[in-house]
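Down below is the structure, laid out as structure tokens.
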Amino acid sequence: MTYEKNLANNRQAFFNYFIVDRFEAGVVLLGTEVKSLRMGLCNLKDSYARIDGGEVWLYNCHIGPYPHGNRVNHEPMRPRKLLLHRNQILKLERETSHGGGTLLPLKFYIKDKHIKVELGVGKGKKQFDKRASLREKDLKREADAAARERRR
């Protein structure tokens, strides 16, 4: 049985992009970053991943400083290396270079005592796609409300 706990979500990514493919990656973190993540001090809103020299790096991910970290605290916006298999990196490189996709972190979570990142390959949505997403969300909310009312 695997233990999973969600630490941070990137809800903005699902609104601005169609998520085509998903990958699970490990993250190279410092000790104070792990403690901050466990406290929920993470923001993925404007973050993205990029392949540099055969390695995948996570940029603009804000992990807040650990409150009890004093002088050994980490820099909140530093680039973080992601751990993937070579064939996964090659597949990501193909999808982003030829297909025009963007690498986005979708969520941070703990899986069996290890902190992982779910990476998604996203294709940008146009304005009318975003309106359609909002319309679907409103219809689902209304249907759920009607079902709750009917149960009463």
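Lettering and numbering for the structure tokens are positional, with chains as A, B, ... in the shown order, residues counted from 1 in each chain, and ligands counted from 1 in the shown order.
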Can you write out as CSV which residues of range 55-124 of chain A fall within 10 Å of range 7-22 of chain A, alongside each residue's closest atom pair and its distance in Å to one decimal, counting only C-alpha atoms and ordering rows by chain and ascending residue number?
```
residue,atom,partner,partner_atom,distance
A:Leu92,CA,A:Asp21,CA,9.2
A:Glu95,CA,A:Asp21,CA,9.3
A:Gly101,CA,A:Val20,CA,8.7
A:Thr102,CA,A:Tyr17,CA,8.8
A:Leu103,CA,A:Arg22,CA,9.5
A:Leu104,CA,A:Ala13,CA,7.1
A:Pro105,CA,A:Asn10,CA,7.0
A:Leu106,CA,A:Asn10,CA,5.0
A:Lys107,CA,A:Asn9,CA,4.4
A:Phe108,CA,A:Ala8,CA,5.1
A:Tyr109,CA,A:Leu7,CA,5.0
A:Ile110,CA,A:Leu7,CA,7.2
A:Ile115,CA,A:Leu7,CA,9.0
A:Lys116,CA,A:Leu7,CA,9.7
A:Val117,CA,A:Ala8,CA,9.5
A:Glu118,CA,A:Arg22,CA,6.7
A:Leu119,CA,A:Arg22,CA,5.6
A:Gly120,CA,A:Arg22,CA,4.4
A:Val121,CA,A:Asp21,CA,5.2
A:Gly122,CA,A:Ile19,CA,4.4
A:Lys123,CA,A:Phe18,CA,5.1
A:Gly124,CA,A:Tyr17,CA,4.4
```
Just the helix (DSSP H, G or I) stuff from range 20-148 of chain A, please, per backbone DSSP, written as a ChimeraX atom specification.
-> /A:31-39,70-72,86-97,127-148
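DSSP secondary structure from the backbone places Thr102, Leu103, Leu104, Pro105, Leu106, Lys107, Phe108, Tyr109, Ile110, Lys111, His114, Ile115, Lys116, Val117, Glu118, Leu119, Gly120, Val121, Gly122, Lys123 and Gly124 of chain A of range 97-134 of chain A in strand (DSSP E or B).
The residue that comes closest to Glu33 in chain A, out of A:Glu75, A:Glu4, A:Asp52, A:Asp129 and on the basis of only C-alpha atoms, is A:Glu75.
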Could you state the separation of CA of Arg38 in chain A and CA of Leu84 in chain A in Å, given to one decimal place?
-> 22.3 Å
